[in-house]
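Listing of start.cif, mmCIF, C-alpha atoms
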```
data_run
loop_
_atom_site.label_atom_id
_atom_site.label_comp_id
_atom_site.auth_asym_id
_atom_site.auth_seq_id
_atom_site.Cartn_x
_atom_site.Cartn_y
_atom_site.Cartn_z
CA MET A 1 0.00 0.00 0.00
CA GLN A 2 1.26 3.36 -0.93
CA ASN A 3 1.19 6.18 1.55
CA ASN A 4 0.55 9.58 -0.06
CA ASP A 5 0.27 11.43 3.19
CA PRO A 6 2.89 14.19 3.43
CA GLN A 7 3.04 13.73 7.21
CA SER A 8 3.85 10.10 7.09
CA PRO A 9 6.87 9.00 9.08
CA GLY A 10 8.42 7.13 6.23
CA ALA A 11 8.89 10.14 3.97
CA ALA A 12 11.40 12.67 5.22
CA PRO A 13 11.04 16.14 3.74
CA ALA A 14 14.12 17.74 2.23
CA GLN A 15 14.36 20.66 4.75
CA ALA A 16 12.83 19.27 7.89
CA THR A 17 16.15 19.32 9.77
CA PRO A 18 18.51 22.23 9.88
CA ASP A 19 21.65 21.52 8.01
CA ALA A 20 25.10 23.07 8.24
CA THR A 21 24.34 26.06 6.00
CA SER A 22 21.34 27.24 8.01
CA GLY A 23 23.37 26.93 11.22
CA ALA A 24 26.10 29.06 9.70
CA GLU A 25 23.52 31.61 8.56
CA LEU A 26 22.06 31.72 12.05
CA GLU A 27 25.48 32.30 13.59
CA ALA A 28 26.26 35.00 11.02
CA LEU A 29 22.95 36.73 11.76
CA GLN A 30 23.55 36.52 15.50
CA ALA A 31 27.02 38.01 15.02
CA ARG A 32 25.52 40.79 12.86
CA VAL A 33 22.87 41.51 15.53
CA ALA A 34 25.56 41.70 18.22
CA GLU A 35 27.63 44.01 15.97
CA LEU A 36 24.62 46.27 15.36
CA GLU A 37 23.74 46.34 19.05
CA ALA A 38 27.32 47.39 19.88
CA SER A 39 27.19 50.06 17.19
CA ASN A 40 23.82 51.24 18.51
CA ALA A 41 25.19 51.49 22.05
CA GLU A 42 28.21 53.41 20.78
CA LEU A 43 25.99 55.83 18.85
CA ARG A 44 23.72 56.27 21.86
CA GLU A 45 26.78 57.13 23.98
CA THR A 46 27.96 59.64 21.36
CA VAL A 47 24.54 61.28 21.23
CA LEU A 48 24.44 61.58 25.02
CA ARG A 49 27.92 63.15 25.07
CA GLU A 50 26.98 65.60 22.32
CA LYS A 51 23.77 66.49 24.11
CA ALA A 52 25.70 67.17 27.32
CA GLU A 53 28.24 69.29 25.42
CA ILE A 54 25.46 71.37 23.83
CA GLU A 55 23.86 71.88 27.23
CA ASN A 56 27.22 73.01 28.66
CA GLN A 57 27.71 75.43 25.76
CA ARG A 58 24.20 76.81 26.31
CA ARG A 59 24.94 77.39 29.99
CA ARG A 60 28.28 79.04 29.19
CA LEU A 61 26.65 81.30 26.60
CA HIS A 62 23.89 82.26 29.04
CA ARG A 63 26.49 83.05 31.72
CA ASP A 64 28.60 85.10 29.30
CA LEU A 65 25.53 87.01 28.10
CA GLU A 66 24.54 87.77 31.68
CA GLN A 67 28.07 89.00 32.44
CA ALA A 68 28.04 91.17 29.32
CA ARG A 69 24.72 92.73 30.36
CA ARG A 70 25.90 93.37 33.91
CA PHE A 71 29.19 94.96 32.89
CA ALA A 72 28.26 96.58 29.54
CA ASN A 73 28.79 100.09 30.93
CA GLU A 74 32.08 99.33 32.66
CA LYS A 75 34.26 101.02 30.01
CA LEU A 76 32.05 104.11 29.90
CA LEU A 77 31.92 104.42 33.66
CA ASN A 78 35.71 104.02 33.93
CA GLU A 79 36.09 106.90 31.48
CA LEU A 80 33.63 109.01 33.48
CA LEU A 81 35.55 108.62 36.74
CA PRO A 82 38.03 111.47 35.97
CA VAL A 83 35.06 113.75 35.19
CA TYR A 84 33.49 112.80 38.49
CA ASP A 85 36.80 113.43 40.30
CA GLY A 86 37.15 116.83 38.60
CA LEU A 87 33.68 117.90 39.70
CA GLU A 88 34.30 116.70 43.24
CA SER A 89 37.60 118.52 43.54
CA GLY A 90 36.04 121.67 42.08
CA LEU A 91 33.33 121.56 44.72
CA ALA A 92 35.92 121.03 47.46
CA VAL A 93 37.65 124.35 46.70
CA GLU A 94 36.10 127.03 48.89
CA SER A 95 38.16 130.09 48.10
CA ALA A 96 38.07 130.34 44.31
CA ASP A 97 37.26 133.28 42.14
CA VAL A 98 34.65 133.06 39.39
CA ALA A 99 37.22 132.96 36.59
CA SER A 100 39.09 129.94 37.96
CA MET A 101 35.80 128.20 38.79
CA ARG A 102 34.59 128.82 35.24
CA GLU A 103 37.85 127.48 33.81
CA GLY A 104 37.55 124.32 35.93
CA ILE A 105 33.97 123.75 34.80
CA SER A 106 35.02 124.30 31.18
CA LEU A 107 37.79 121.71 31.47
CA THR A 108 35.41 119.25 33.10
CA LEU A 109 32.87 119.78 30.31
CA LYS A 110 35.56 119.18 27.66
CA SER A 111 36.54 115.99 29.45
CA LEU A 112 32.91 114.84 29.55
CA LEU A 113 32.41 115.61 25.84
CA LYS A 114 35.57 113.64 25.01
CA VAL A 115 34.23 110.60 26.91
CA ALA A 116 30.92 110.91 25.05
CA GLU A 117 32.69 111.13 21.67
CA ASN A 118 34.81 108.08 22.51
CA ASN A 119 31.59 106.16 23.06
CA GLY A 120 29.90 107.21 19.81
CA MET A 121 27.92 110.23 20.97
CA SER A 122 28.15 113.59 19.25
CA GLN A 123 26.46 116.95 19.64
CA VAL A 124 23.97 118.41 17.20
CA ASP A 125 24.72 122.14 17.08
CA PRO A 126 22.89 123.45 14.00
CA LEU A 127 23.52 127.19 14.39
CA GLY A 128 23.46 128.81 10.93
CA LEU A 129 22.28 125.64 9.17
CA PRO A 130 18.90 125.06 7.50
CA LEU A 131 16.25 123.44 9.73
CA ASP A 132 16.35 119.64 9.57
CA PRO A 133 13.14 118.25 11.08
CA GLU A 134 14.87 114.88 11.55
CA ARG A 135 17.45 116.37 13.95
CA HIS A 136 16.01 119.72 15.05
CA HIS A 137 12.87 120.76 16.87
CA ALA A 138 11.84 124.32 16.09
CA VAL A 139 10.28 125.95 19.16
CA SER A 140 9.94 129.46 17.75
CA MET A 141 10.28 131.59 14.65
CA VAL A 142 12.00 134.94 14.98
CA GLU A 143 12.77 137.91 12.78
CA ALA A 144 16.38 137.59 11.64
CA PRO A 145 17.48 140.17 9.10
CA GLY A 146 20.26 138.85 6.92
CA GLN A 147 19.36 135.18 7.53
CA ALA A 148 17.64 132.98 4.96
CA PRO A 149 14.13 131.84 5.94
CA GLY A 150 14.18 128.45 7.70
CA THR A 151 17.74 128.90 8.97
CA VAL A 152 18.55 128.13 12.60
CA VAL A 153 19.40 131.45 14.28
CA SER A 154 19.72 130.29 17.89
CA VAL A 155 20.10 126.98 19.70
CA LEU A 156 18.17 126.76 22.94
CA GLN A 157 19.31 123.23 23.73
CA LYS A 158 21.84 121.14 21.81
CA GLY A 159 20.80 117.78 20.45
CA TYR A 160 22.73 114.53 20.64
CA VAL A 161 23.30 111.62 18.27
CA LEU A 162 24.57 108.16 19.26
CA ASN A 163 26.14 106.25 16.36
CA ASP A 164 23.90 107.99 13.80
CA ARG A 165 20.75 107.49 15.92
CA LEU A 166 19.14 110.61 17.32
CA LEU A 167 19.05 110.63 21.13
CA ARG A 168 17.60 114.09 21.52
CA PRO A 169 16.75 116.70 18.89
CA ALA A 170 18.22 120.19 19.16
CA LEU A 171 15.71 122.82 20.33
CA VAL A 172 16.11 125.75 17.98
CA ALA A 173 14.69 129.11 16.91
CA VAL A 174 14.33 129.57 13.16
CA ALA A 175 14.39 132.66 10.94
CA ARG A 176 10.90 133.68 9.84
CA ASP A 177 9.94 133.79 6.14
#
```

Can you give me the file's structure in the form of structure tokens?
Amino acid sequence: MQNNDPQSPGAAPAQATPDATSGAELEALQARVAELEASNAELRETVLREKAEIENQRRRLHRDLEQARRFANEKLLNELLPVYDGLESGLAVESADVASMREGISLTLKSLLKVAENNGMSQVDPLGLPLDPERHHAVSMVEAPGQAPGTVVSVLQKGYVLNDRLLRPALVAVARD
């Protein structure tokens, strides 16, 4: 009698038992998995180190920015100290005539203006120039024979510019039309 049943014990299928090639493939795959796991662990470690380095750089940058904010005026204030000293010593003198007091104040003002110029500030003194509404604020119009209409004939208060940005416009009187 012939047995056609594929599950019969007498007929052994061709791949029912693992042979030497499938064992080698299994070992190769296991070695590849171990290699990939090691590579993955190494990459994970690198990512963690890089993340920590970025966090440290962020903290350093934040600290440096805070220091820069706190001490941004240090240079300016160091330059102002001689002006401060000059004013203090001028006030300490009790027996001075008006001329010497005026000279001391003039020198102190020159010193202060020099500090301002060193830090990018300049005066707007438009006397004799045409009115510039961007830099001047006309507070009055006056009769000024010999002056062209719209010309600044007197400066009531000087204006100031910091690195080409207007801090305060000059208050001026302008010649009438």

Nearest residue to Thr108 (chain A) from the set A:Asp132, A:Leu87, A:Asn163, A:Glu66 (distances using all atoms listed in the file):
A:Leu87

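In this structure, CA of Arg168 (chain A) sits 12.1 Å away from CA of Pro133 (chain A).
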
Just the residues within 9 Å of Val155 (chain A), please, counting only C-alpha atoms, with nothing from its chain fewer than 3 positions along; format it as a PyMOL selection string.
chain A and resi 125-127+152+158+170-173

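Between CA of Lys75 (chain A) and CA of Gly120 (chain A) the separation is 12.7 Å.
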
Output the residue selection produced by the PyMOL selection byres ((chain A and resi 105) around 12) on the file above, formatted as a short mmCIF file (atom, residue, chain, number, x, y, z; two decimals) with C-alpha atoms, in the frame of the given file.
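Output file expr06.cif follows:
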```cif
data_model
loop_
_atom_site.label_atom_id
_atom_site.label_comp_id
_atom_site.auth_asym_id
_atom_site.auth_seq_id
_atom_site.Cartn_x
_atom_site.Cartn_y
_atom_site.Cartn_z
CA VAL A 83 35.06 113.75 35.19
CA TYR A 84 33.49 112.80 38.49
CA GLY A 86 37.15 116.83 38.60
CA LEU A 87 33.68 117.90 39.70
CA GLU A 88 34.30 116.70 43.24
CA SER A 89 37.60 118.52 43.54
CA GLY A 90 36.04 121.67 42.08
CA LEU A 91 33.33 121.56 44.72
CA VAL A 98 34.65 133.06 39.39
CA ALA A 99 37.22 132.96 36.59
CA SER A 100 39.09 129.94 37.96
CA MET A 101 35.80 128.20 38.79
CA ARG A 102 34.59 128.82 35.24
CA GLU A 103 37.85 127.48 33.81
CA GLY A 104 37.55 124.32 35.93
CA SER A 106 35.02 124.30 31.18
CA LEU A 107 37.79 121.71 31.47
CA THR A 108 35.41 119.25 33.10
CA LEU A 109 32.87 119.78 30.31
CA LYS A 110 35.56 119.18 27.66
CA SER A 111 36.54 115.99 29.45
CA LEU A 112 32.91 114.84 29.55
#
```

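Across the model, the gap from CA of Leu113 (chain A) to CA of Arg135 (chain A) is 19.1 Å.
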
Which residue of A:Lys114, A:Ala52, A:Val174, A:Ala92 approaches Gly128 (chain A) most closely, using only C-alpha atoms:
A:Val174

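Distances from A:Ser22, A:Arg60, A:Asp97, A:Leu166 to His137 (chain A) were compared using all atoms listed in the file, and the smallest one belongs to A:Leu166.
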
Among A:Glu55, A:Arg44, A:Pro149, A:Val115, Leu76 (chain A) is approached most closely, using all atoms listed in the file, by A:Val115

Axis-aligned box for all listed atoms of region 34-53 of chain A, 8 Å per side, centre and edges in Å to one decimal, as JSON:
```
{"center_x": 26.0, "center_y": 55.5, "center_z": 21.3, "size_x": 20.5, "size_y": 43.6, "size_z": 28.0}
```

Return the single residue from A:Ala72, A:Leu26, A:Ala148, A:Ala96 that is closest to Leu129 (chain A), with distances computed using all atoms listed in the file.
A:Ala148

Nearest to Asn78 (chain A): which of A:Asp177, A:Leu48, A:Asn119, A:Ala28 is it, counting only C-alpha atoms?
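Of all the options, A:Asn119 lies closest to Asn78 (chain A).
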